[in-house]
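Heads up: the structure comes next, in structure tokens.
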Amino acid sequence: MVAWKIGGEQGEGIDSTGDVLSTVLSRMGYFVYGYKLFSSRIKGGHTTYKVRIASRPVEAATEVSDILVALNQETINQHAFELNGGLLLADSAFHPVMPDRVSATLVTLPLTQIAKTHGSVVMRNMVSVGASVALLNLSPDPFLDYVEAKFSRKGASIVTANQEAVMDGYNRVRDEYAGISQLTLGRPVTGDRLVLTGNDALALGAIAGGCRLMCGYPITPATDIMEALSKWLPLVGGTVVQMEDELASMSACIGAGYAGVRAMTATSGPGFSLMQEGLGLAGMAEIPVVVVDTQRSGPSTGMPTKQEQSDLMAMINGGHGDGPRVVLAPSSLEESFEDGWQAFNVADQLQTPVVIATDLSLALWSQSIDRDKLDGPRVAIERGPLVSADELGQRGQEVFHRYAITNDGISPRTLPGTINGQYLATGVEHQPSGKVSEDPTNRARMMEKRLAKLALIHSLRQSIKWEGPQNPDLVLLAIGSTVGAIREAQSVLLGEGHSVAISWLRTLSPFPIEEFTKRVAGAGHVLVVEQNATAQLAQLMRAQGVWDAHRFDSLLKYDGVQFFPSEIVDGAHPFLATYAEVQ
């Protein structure tokens, strides 16, 4: 496995360089995981793009780099410490200086000057790609083919200039640093793969699940969902509407859900806060709607481009009153796609708001995924109990009870325009007919009905997952993108001879109490790994009565940087050592 990283100023083509490398390497048969460090501004400010390249799936970040491409001294100052005998490729234009106590081989090339000879300093990214390909000991041919496909619409001269820039960077390294110790990747693995982000996968899942309307307001890191759907939804007869704010977005989706259209919105913490009243209305009126919360660092504006998992309490309990809702938690591209379509089934079947709890790292970082894991044709559309006009006609003049008390809490519904199926949909407490009522007995029955039906979620999907021995010394438990990090940490710990399993929650609310309790019953210790300062997942477990103070502990990180597997390994060692002493 090799980690390649490039750094410079935002707006200098850092992203495009990383995207080219990731895309071509994936097509060559390698698994990639690409992630960025960037500021919450359009241009300027320090930024980096790191790509991990391997012959097996990669789902987590690393603090180590094997190749660092520096377009300015700031990149060297901030990131050269990641190199441990690796290669530092620097643009000679800024006269790079290697910091003390950094073990790396310095490779200097006039990247800026080479780019200018090919027509523009903008081509420095292509020169960097060519030089990196040489340092990775790869053939430049697949990269030249990519350039031709990417720029063919701009004309032959543009294609030629970019290809020559790639080859110039490649040949300079080969000629001037022939004796350098080049890195070698493992053997590629054939397969039909895509490179996607979690936002991409979730958007594709939503389309597969019958979503035909997305109403939203731009906010980092959720905006990519709206942008992806604005391209893809029209292809299936759907549309995206950019609203004036998050309140309007939520309200429009509620209206669409009432009318029978599968609709969604996507936001992040500040926007989700504005949607809380709307979520309460949808819960009270039992209207299906799907909301994605791509968590980022808060509170307030916080750090819009940094990782965190601190909206759990808001997603589960936010708003006033006991508002019913379901909260799902994907942890991978495959699960993002799955939740993207399954959320709409759940919303229709349980007639309730469904929140998808993702996070910045899962939402924005690109990964390899086998194409067959995004198999839309296998998705079944489940609409829940709908009453037709014919069925209503058989009842004569009987008033339709939209909110009828049933054994499972789910009342058959009608869509607007259904003859004899009219009813009052309101945020005020109501009778089974929908008419307003403040009768204490009716209030209790309706509240119990709305909350009881949520428990059915655990029969509709797998709410907790597990990998590893059934009765391990240690369980690493996480949600969201952190699952990739605990999986890699588990691999290291297993290699050290420890008995370690990993588990992750797929449904946060209602909490899978029974299944969770059974799963962890035989574990020696459970370490809950989450990215917030107040241990919100642990708080949730305490509230549900499943926290064992003798066996459970928290490992927290809240600096805006995603968990590295090595941090989890270090956090696990004390518990494994203690358990070994007891044994």
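Chain lettering (A, B, ...) mirrors the order of the structure tokens, residue numbering begins at 1 for each chain separately, and ligand numbering begins at 1 in order of display.
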
Could you write out, as a PyMOL selection string, all the residues of range 17-111 of chain A that DSSP marks as helix (DSSP H, G or I)? chain A and resi 17-28+73-82+92-94+111

Next, write the just-selected residues to a file, as a tab-separated table (two decimals), in the first residue's frame, keeping C-alpha atoms as the atom set.
chain	number	residue	atom	x	y	z
A	17	THR	CA	-4.28	16.27	-9.75
A	18	GLY	CA	-5.59	13.89	-7.09
A	19	ASP	CA	-8.69	13.09	-9.13
A	20	VAL	CA	-6.63	12.17	-12.20
A	21	LEU	CA	-4.38	9.88	-10.17
A	22	SER	CA	-7.31	8.22	-8.36
A	23	THR	CA	-9.38	7.68	-11.49
A	24	VAL	CA	-6.62	6.19	-13.62
A	25	LEU	CA	-5.22	3.98	-10.84
A	26	SER	CA	-8.71	2.63	-10.20
A	27	ARG	CA	-9.12	1.82	-13.88
A	28	MET	CA	-5.75	0.07	-13.78
A	73	GLN	CA	7.15	25.60	1.31
A	74	GLU	CA	4.10	25.56	3.58
A	75	THR	CA	3.30	22.05	2.37
A	76	ILE	CA	6.78	20.90	3.34
A	77	ASN	CA	6.65	22.62	6.72
A	78	GLN	CA	3.27	21.10	7.60
A	79	HIS	CA	3.49	17.62	6.10
A	80	ALA	CA	7.10	16.53	5.55
A	81	PHE	CA	7.03	14.87	8.99
A	82	GLU	CA	4.66	12.28	7.49
A	92	SER	CA	12.18	24.23	-7.50
A	93	ALA	CA	10.47	27.57	-8.16
A	94	PHE	CA	10.11	28.27	-4.43
A	111	LEU	CA	7.23	22.11	-12.21

Just list the residues in range 269-506 of chain A DSSP gives strand (DSSP E) on the backbone, as an NGL selection string. :A and (289-295 or 326-328 or 353-359 or 366-370 or 464-467 or 474-478 or 500-505)

In Å, rounded to a single decimal, give me how far CA of Leu109 in chain A is from CA of Ser157 in chain A. 24.6 Å

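Interatomic distance, CA of Ile356 in chain A to CA of Met315 in chain A: 8.9 Å.
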
Would you kindly return, as a PyMOL selection string, each protein, DNA or RNA residue with an atom no farther than 9 Å from any atom of Pro140 in chain A, considering only C-alpha atoms and excluding same-chain residues fewer than 5 positions away? chain A and resi 130+133-134+145+166-167+170

Would you kindly return, as a PyMOL selection string, each protein, DNA or RNA residue with an atom no farther than 7 Å from any atom of range 369-376 of chain A, considering only C-alpha atoms and excluding same-chain residues fewer than 5 positions away? chain A and resi 192-195+208+334+337

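The residue set within 8 Å of Leu424 in chain A, counting only C-alpha atoms and dropping same-chain residues fewer than 3 places from it, reads Ser433, Gly434 and Lys435 of chain A.
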
Please save N, CA and C atoms of the selected residues as a compact mmCIF listing (two decimals), in the first residue's frame.
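What follows is the written file selection23.txt:
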# COMPACT_ATOMS: atom_id res chain seq x y z
N SER A 433 -59.93 10.21 12.61
CA SER A 433 -60.44 10.81 11.37
C SER A 433 -59.57 11.97 10.90
N GLY A 434 -58.73 12.50 11.76
CA GLY A 434 -57.93 13.67 11.45
C GLY A 434 -58.47 14.93 12.06
N LYS A 435 -59.68 14.88 12.58
CA LYS A 435 -60.26 16.07 13.21
C LYS A 435 -59.55 16.37 14.53

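The spacing separating CA of Phe511 in chain A from CA of Ile464 in chain A amounts to 9.6 Å.
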
Quick one: of A:Tyr217, A:Trp232, A:Tyr30, A:Phe552, who's nearest to Leu476 in chain A, counting only C-alpha atoms? A:Phe552

Using only C-alpha atoms, the shortest atom-to-atom distance to Ile207 in chain A among A:His525, A:Lys231, A:His498, A:His401 belongs to A:Lys231

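Proximity to Ser55 in chain A at 12 Å, evaluated using only C-alpha atoms and with sequence-adjacent residues fewer than 5 positions away removed, yields Met1, Val2, Leu25, Ser26, Met28, Gly29, Tyr30, Phe31, Val32, Tyr33, Thr184, Leu185, Gly186, Arg187, Pro188, Val189, Thr190, Gly191 and Ser368 of chain A.
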
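Ranking A:Gly497, A:Glu382, A:Gly45, A:Met313 by their shortest atom-to-atom distance to Met541 in chain A, with only C-alpha atoms included, puts A:Met313 first.
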
What lies within 7 Å of range 568-570 of chain A using only C-alpha atoms, ignoring chain neighbours under 6 positions off, as a VMD selection string? chain A and resid 486 489 493

Nearest residue to Ile405 in chain A out of A:Gln10, A:Ala455, A:Lys449, A:Arg443, using only C-alpha atoms? A:Lys449

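Of the listed residues A:Arg450, A:Glu567, A:Thr534, A:Thr441, the one whose atoms come nearest to Val492 in chain A is A:Glu567, with distances taken using only C-alpha atoms.
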
Given only C-alpha atoms as the basis, pick out the residue of A:Arg519, A:Arg52, A:Lys43, A:Arg262 nearest to Ile381 in chain A. A:Arg262
